[in-house]
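A.B. asks: Sending over a structure as structure tokens; questions will come in a sec.
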Amino acid sequence: MYAQVPQKWCLPLLEQASVGENIIPMLSDIPKQYQAQLKRAIDKVNDAAAPVWEIFQVPTTDFQPFE
């Protein structure tokens, strides 16, 4: 969606994250061909929302593609 990653892979992550679930374990299920795009999208969102994350002390992830 946001980073040309199919909704099939994005929506479950968004749903789980929106209810406060840890999505890190789910990232390894995403096909390798989409991991670089997803990392850029995560980084862009984290950078854009950094002031909000800091105020509410929301941890962010430094997503690394899985081998």
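For the structure tokens, the naming scheme is as follows: chains receive sequential letters (A, B, ...) according to their order of presentation, residues are indexed from 1 within each chain, and ligands are indexed from 1 in presentation order.
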Would you mind listing what lies within 12 Å of segment 47-60 of chain A as a PyMOL selection string, with only C-alpha atoms counted and same-chain residues fewer than 3 positions away left out?
C.D. replies: chain A and resi 17+20+22-24+40-44+63
A.B. asks: With a distance cut-off of 12 Å and only C-alpha atoms, select the neighbouring residues of Leu11 of chain A, excluding the residue or stretch itself and same-chain residues fewer than 4 positions from it, and output the selection as a list in words.
C.D. replies: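 Within the cut-off, the hits are Met1, Tyr2, Val5, Pro6, Gln7, Glu15, Gln16, Ala17, Ser18, Ile23, Met26 and Ile30 of chain A.
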A.B. asks: Using all heavy atoms, can you write the selected residues to a file as a compact mmCIF listing (two decimals), in the first residue's frame?
C.D. replies:
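For reference, result_22.txt as written:
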# COMPACT_ATOMS: atom_id res chain seq x y z
N MET A 1 0.84 -1.18 0.00
CA MET A 1 0.00 0.00 0.00
C MET A 1 0.89 1.24 0.00
O MET A 1 1.12 1.82 -1.03
CB MET A 1 -0.91 0.00 1.24
CG MET A 1 -1.92 -1.11 1.25
SD MET A 1 -3.00 -1.30 2.71
CE MET A 1 -2.60 -0.03 3.81
N TYR A 2 1.39 1.60 1.17
CA TYR A 2 2.18 2.82 1.33
C TYR A 2 3.50 2.73 0.59
O TYR A 2 3.98 3.71 0.07
CB TYR A 2 2.40 3.04 2.82
CG TYR A 2 3.04 4.36 3.18
CD1 TYR A 2 2.38 5.55 2.96
CD2 TYR A 2 4.29 4.40 3.76
CE1 TYR A 2 2.95 6.76 3.30
CE2 TYR A 2 4.87 5.60 4.11
CZ TYR A 2 4.21 6.77 3.88
OH TYR A 2 4.77 7.96 4.22
N VAL A 5 3.79 -2.38 -1.21
CA VAL A 5 3.74 -3.72 -0.63
C VAL A 5 2.26 -4.11 -0.62
O VAL A 5 1.42 -3.34 -0.16
CB VAL A 5 4.31 -3.74 0.81
CG1 VAL A 5 4.19 -5.12 1.43
CG2 VAL A 5 5.77 -3.28 0.81
N PRO A 6 1.92 -5.29 -1.13
CA PRO A 6 0.52 -5.68 -1.22
C PRO A 6 -0.20 -5.64 0.13
O PRO A 6 0.38 -5.92 1.18
CB PRO A 6 0.57 -7.11 -1.75
CG PRO A 6 1.87 -7.19 -2.47
CD PRO A 6 2.81 -6.30 -1.70
N GLN A 7 -1.48 -5.30 0.08
CA GLN A 7 -2.29 -5.22 1.29
C GLN A 7 -2.28 -6.52 2.07
O GLN A 7 -2.39 -6.51 3.29
CB GLN A 7 -3.74 -4.88 0.92
CG GLN A 7 -3.92 -3.47 0.46
CD GLN A 7 -5.39 -3.15 0.20
OE1 GLN A 7 -6.27 -3.91 0.54
NE2 GLN A 7 -5.63 -2.03 -0.43
N GLU A 15 -3.39 -4.12 11.65
CA GLU A 15 -4.41 -4.55 12.60
C GLU A 15 -3.81 -4.92 13.94
O GLU A 15 -4.32 -4.53 14.99
CB GLU A 15 -5.21 -5.73 12.02
CG GLU A 15 -6.11 -5.35 10.88
CD GLU A 15 -6.72 -6.55 10.17
OE1 GLU A 15 -6.40 -7.70 10.51
OE2 GLU A 15 -7.54 -6.32 9.26
N GLN A 16 -2.74 -5.68 13.92
CA GLN A 16 -2.10 -6.10 15.16
C GLN A 16 -1.46 -4.91 15.88
O GLN A 16 -1.58 -4.79 17.10
CB GLN A 16 -1.05 -7.19 14.89
CG GLN A 16 -1.63 -8.48 14.38
CD GLN A 16 -2.62 -9.09 15.35
OE1 GLN A 16 -2.38 -9.18 16.54
NE2 GLN A 16 -3.76 -9.49 14.84
N ALA A 17 -0.79 -4.05 15.15
CA ALA A 17 -0.15 -2.88 15.76
C ALA A 17 -1.19 -1.94 16.37
O ALA A 17 -0.95 -1.35 17.42
CB ALA A 17 0.69 -2.14 14.73
N SER A 18 -2.35 -1.83 15.74
CA SER A 18 -3.37 -0.90 16.23
C SER A 18 -3.97 -1.32 17.57
O SER A 18 -4.51 -0.49 18.28
CB SER A 18 -4.49 -0.72 15.20
OG SER A 18 -5.26 -1.89 15.10
N ILE A 23 4.41 -6.70 16.60
CA ILE A 23 4.38 -7.20 15.23
C ILE A 23 5.73 -7.70 14.76
O ILE A 23 5.83 -8.26 13.66
CB ILE A 23 3.85 -6.13 14.25
CG1 ILE A 23 4.78 -4.92 14.21
CG2 ILE A 23 2.42 -5.76 14.58
CD1 ILE A 23 4.50 -3.99 13.06
N MET A 26 5.95 -11.13 13.29
CA MET A 26 5.23 -11.28 12.02
C MET A 26 6.06 -10.82 10.82
O MET A 26 5.78 -11.20 9.69
CB MET A 26 3.93 -10.48 12.06
CG MET A 26 2.93 -10.95 13.10
SD MET A 26 1.50 -9.86 13.21
CE MET A 26 0.74 -10.13 11.61
N ILE A 30 6.89 -11.97 5.93
CA ILE A 30 6.75 -11.16 4.72
C ILE A 30 7.81 -11.61 3.71
O ILE A 30 8.98 -11.74 4.06
CB ILE A 30 6.90 -9.66 5.04
CG1 ILE A 30 5.75 -9.25 5.96
CG2 ILE A 30 6.93 -8.82 3.77
CD1 ILE A 30 5.88 -7.88 6.53
A.B. asks: Can you check which residues of chain A DSSP gives as helix (DSSP H, G or I) on the backbone and send them as a PyMOL selection string?
C.D. replies: chain A and resi 7-18+24-27+32-48+50-55
A.B. asks: Please report the interatomic distance between atom CA of Leu38 of chain A and atom CA of Lys8 of chain A in Å with one decimal.
C.D. replies: 12.7 Å
A.B. asks: Would you work out the distance separating atom CA of Lys39 of chain A from atom CA of Glu21 of chain A, expressed in Å to one decimal?
C.D. replies: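 Going from atom CA of Lys39 of chain A over to atom CA of Glu21 of chain A, I get 18.5 Å.
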A.B. asks: For a test of reading the model, state the distance in Å between atom CA of Pro31 of chain A and atom CA of Leu14 of chain A, rounded to one decimal.
C.D. replies: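 Atom CA of Leu14 of chain A lies 16.7 Å from atom CA of Pro31 of chain A.
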